[in-house]
2 protein chains.
Amino acid sequence: MGKIEEAIKQSEFKDSYNKVVVNLLYTHSYLVGFQTAVLKPMDLSPEQYNVMRILRGQQGKPATIAAIQERMLNTMSNASRLVDKLKAKDLVKREECPENRRKVDVLITEKGLRLLELLEPEIVAINKKVIHLEEAELILLNGLLDKLRG
Amino acid sequence: MGKIEEAIKQSEFKDSYNKVVVNLLYTHSYLVGFQTAVLKPMDLSPEQYNVMRILRGQQGKPATIAAIQERMLNTMSNASRLVDKLKAKDLVKREECPENRRKVDVLITEKGLRLLELLEPEIVAINKKVIHLEEAELILLNGLLDKLRG
DNA sequence: TTTCAATTGATGTATATACATTTATTGTAG
DNA sequence: CTACAATAAATGTATATACATCAATTGAAA
């Protein structure tokens with residue numbers, strides 16, 4: 001694979017900003033591809049997986065749709081319909097919030113937790129395999145991305 | 001904005017690999033949001049814009065659908081339908097390739113080129129504004145992303 | 001030459017994103 | 001209390017992705 005110029009067969013970029021944007025979009029697509037491949041046999045999309053991890057992070061406490069939305073990687077998306085899909089597979093449950101009937105309490109089920117446990121080692125393995133960076137570089141990269149966003 | 005932990009309200013990550021993946025996905029969404037905002041008034045999606053830049057890069061030579069696909073940031077996507085949309089707006093033209101009727105020659109139009117020229121300074125400006133990195137950091141980041149993919 | 005595989009693109013379907021709009025519920029000002 | 005604004009989620013629509021499949025054309029082997 002190597003340099004972004006070879007990857008997308010573009011010899012020059014307007015400036016380093018533009019090059020970083022293109023490089024990030026391309027690397028994003030590279031990573032999501034592997035994640036999708038691991039999740040697909042379990043009939044999960046990357047975003048459904050993300051929602052499940054958010055719910056597990058609640059450690060038993062329910063999360064509202066708005067709370068899930070806020071933690072999602074793709075802002076302004078559609079937690080409501082993702083929860084629908086997960087509920088249809090019995091991976092989450094959704095209950096009307098008793099003290100405020102506008103809200104909805106969403107919880108991960110036992111089945112959902114078991115699926116996450118099953119997937120975790122695979123995800124860890126694929127990440128290690130396809131991310132060709134050492135620990136120090138990972139930390140550096142995380143720092144740069146944090147700084148990028150200000 | 002700051003650290004990824006605050007951004008998505010997650011206090012810990014399994015390992016640095018996982019953190020880099022989440023950070024990349026989140027930063028991707030951050031950047032695409034701004035790009036979309038600039039392109040939207042012109043009725044262009046980020047991927048349509050990408051296809052137009054690929055065609056401009058051909059410098060007058062036509063590109064087949066397969067050639068466009070190969071250079072796109074999202075692999076395995078759908079250049080055929082994106083070209084359709086752009087053609088409907090007269091931003092590209094599509095002609096049957098004379099020496100091989102399976103192929104299609106796609107070219108950017110004058111109108112397309114003018115639109116790109118109009119958008120370019122806006123894109124450059126927004127990139128500079130929302131990417132809070134200096135030149136040396138941009139180069140470092142590009143290098144890390146290239147190395148990540150191996 | 002005829003047949004069949006390979007190539008190229010178009011199309012179909014499910015999923016997800018990005019927004020706008022709608023519905024239901026709650027809270028509050030008059 | 002009533003009317004209306006604010007909140008929370010659901011729904012509608014257009015766009016795009018990720019694949020699978022289909023159709024047309026080409027090229028090559030029998």
# chains A, B, ... in the order shown; residues from 1 in each chain; ligands from 1
>>> interface_residues(of="chain A", to="chain D", cutoff="12 Å", atoms="only C-alpha atoms (C1' of nucleotides)", output="list in words")
Ser29, Val32, Gly33, Thr36, Ala37, Lys40, Ser45, Thr64, Ile65, Ala66, Ala67, Gln69, Asn78, Ala79, Ser80, Arg81, Val83, Asp84, Glu96, Cys97, Asn100, Arg101, Arg102, Lys103, Val104 and Asp105 of chain A
>>> closest_atom_pairs(of="chain C", to="chain A", cutoff="9 Å", atoms="only C-alpha atoms (C1' of nucleotides)", output="JSON lines")
{"residue": "C:DT15", "atom": "C1'", "partner": "A:Ser45", "partner_atom": "CA", "distance": 7.9}
{"residue": "C:DA16", "atom": "C1'", "partner": "A:Glu47", "partner_atom": "CA", "distance": 8.1}
{"residue": "C:DT17", "atom": "C1'", "partner": "A:Ser77", "partner_atom": "CA", "distance": 6.0}
{"residue": "C:DA18", "atom": "C1'", "partner": "A:Ser77", "partner_atom": "CA", "distance": 6.9}
{"residue": "C:DC19", "atom": "C1'", "partner": "A:Met76", "partner_atom": "CA", "distance": 8.6}
{"residue": "C:DA24", "atom": "C1'", "partner": "A:Arg102", "partner_atom": "CA", "distance": 7.0}
{"residue": "C:DT25", "atom": "C1'", "partner": "A:Arg102", "partner_atom": "CA", "distance": 5.4}
{"residue": "C:DT26", "atom": "C1'", "partner": "A:Asn100", "partner_atom": "CA", "distance": 8.0}
>>> interface_residues(of="chain B", to="chain A", cutoff="9 Å", atoms="only C-alpha atoms", output="PyMOL selection string")
chain B and resi 1-4+7-10+14-33+54+57+70-75+123-124+127-128+130-133+135+137-150
>>> atom_distance(atom1="CA of Gly112 (chain B)", atom2="CA of Pro98 (chain B)")
23.5 Å
>>> decode(residues="region 14-26 of chain C", atoms="N, CA and C atoms (P, O5', C5', C4', C3', O3' and C1' of nucleotides)", output="tab-separated table (two decimals), in the first residue's frame")
chain	number	residue	atom	x	y	z
C	14	DA	P	-34.07	-6.00	0.70
C	14	DA	O5'	-32.96	-5.73	1.81
C	14	DA	C5'	-31.84	-6.59	1.89
C	14	DA	C4'	-30.77	-5.93	2.74
C	14	DA	C3'	-31.33	-5.17	3.95
C	14	DA	O3'	-30.52	-5.47	5.09
C	14	DA	C1'	-30.03	-3.72	2.61
C	15	DT	P	-30.84	-4.78	6.50
C	15	DT	O5'	-29.77	-3.60	6.57
C	15	DT	C5'	-28.38	-3.93	6.54
C	15	DT	C4'	-27.59	-2.65	6.49
C	15	DT	C3'	-27.90	-1.68	7.63
C	15	DT	O3'	-26.76	-1.53	8.44
C	15	DT	C1'	-27.79	-0.59	5.52
C	16	DA	P	-26.87	-0.67	9.80
C	16	DA	O5'	-26.48	0.80	9.32
C	16	DA	C5'	-25.20	1.01	8.74
C	16	DA	C4'	-25.13	2.43	8.22
C	16	DA	C3'	-25.56	3.50	9.23
C	16	DA	O3'	-24.46	4.36	9.43
C	16	DA	C1'	-26.50	3.88	7.08
C	17	DT	P	-24.56	5.64	10.37
C	17	DT	O5'	-24.73	6.80	9.30
C	17	DT	C5'	-23.68	7.01	8.36
C	17	DT	C4'	-24.02	8.22	7.52
C	17	DT	C3'	-24.24	9.50	8.32
C	17	DT	O3'	-23.61	10.54	7.61
C	17	DT	C1'	-26.10	9.06	6.95
C	18	DA	P	-23.33	11.94	8.41
C	18	DA	O5'	-24.49	12.87	7.85
C	18	DA	C5'	-24.53	13.17	6.47
C	18	DA	C4'	-25.72	14.05	6.22
C	18	DA	C3'	-26.01	15.07	7.33
C	18	DA	O3'	-26.36	16.28	6.69
C	18	DA	C1'	-27.92	13.80	6.93
C	19	DC	P	-25.97	17.67	7.40
C	19	DC	O5'	-27.37	18.38	7.48
C	19	DC	C5'	-28.38	17.60	7.86
C	19	DC	C4'	-29.65	17.84	7.08
C	19	DC	C3'	-30.60	18.69	7.90
C	19	DC	O3'	-31.28	19.60	7.06
C	19	DC	C1'	-31.51	16.53	7.50
C	20	DA	P	-32.09	20.82	7.79
C	20	DA	O5'	-33.59	20.44	7.44
C	20	DA	C5'	-33.90	19.88	6.17
C	20	DA	C4'	-35.35	19.41	6.18
C	20	DA	C3'	-36.29	20.29	7.00
C	20	DA	O3'	-37.50	20.45	6.26
C	20	DA	C1'	-36.33	18.06	7.82
C	21	DT	P	-38.70	21.32	6.88
C	21	DT	O5'	-39.67	20.20	7.47
C	21	DT	C5'	-39.97	19.07	6.66
C	21	DT	C4'	-40.78	18.07	7.44
C	21	DT	C3'	-41.91	18.71	8.29
C	21	DT	O3'	-43.11	18.05	7.95
C	21	DT	C1'	-40.65	17.16	9.56
C	22	DT	P	-44.50	18.45	8.66
C	22	DT	O5'	-44.68	17.26	9.70
C	22	DT	C5'	-44.56	15.91	9.23
C	22	DT	C4'	-44.81	14.96	10.39
C	22	DT	C3'	-45.98	15.35	11.29
C	22	DT	O3'	-46.80	14.21	11.47
C	22	DT	C1'	-44.03	15.01	12.59
C	23	DT	P	-48.18	14.29	12.30
C	23	DT	O5'	-47.81	13.63	13.69
C	23	DT	C5'	-47.28	12.30	13.72
C	23	DT	C4'	-46.95	11.94	15.15
C	23	DT	C3'	-48.04	12.33	16.16
C	23	DT	O3'	-48.34	11.19	16.95
C	23	DT	C1'	-45.95	13.15	16.87
C	24	DA	P	-49.55	11.19	18.02
C	24	DA	O5'	-48.76	11.23	19.39
C	24	DA	C5'	-47.74	10.28	19.62
C	24	DA	C4'	-46.99	10.65	20.89
C	24	DA	C3'	-47.91	11.04	22.04
C	24	DA	O3'	-47.54	10.25	23.17
C	24	DA	C1'	-46.26	12.71	21.70
C	25	DT	P	-48.34	10.34	24.55
C	25	DT	O5'	-47.44	11.32	25.41
C	25	DT	C5'	-46.08	10.96	25.64
C	25	DT	C4'	-45.36	12.14	26.23
C	25	DT	C3'	-45.97	12.67	27.54
C	25	DT	O3'	-45.01	12.42	28.55
C	25	DT	C1'	-45.30	14.42	26.06
C	26	DT	P	-45.39	12.74	30.08
C	26	DT	O5'	-44.74	14.18	30.27
C	26	DT	C5'	-43.34	14.33	30.00
C	26	DT	C4'	-42.98	15.79	30.02
C	26	DT	C3'	-43.38	16.55	31.28
C	26	DT	O3'	-42.19	17.00	31.90
C	26	DT	C1'	-43.89	17.79	29.33
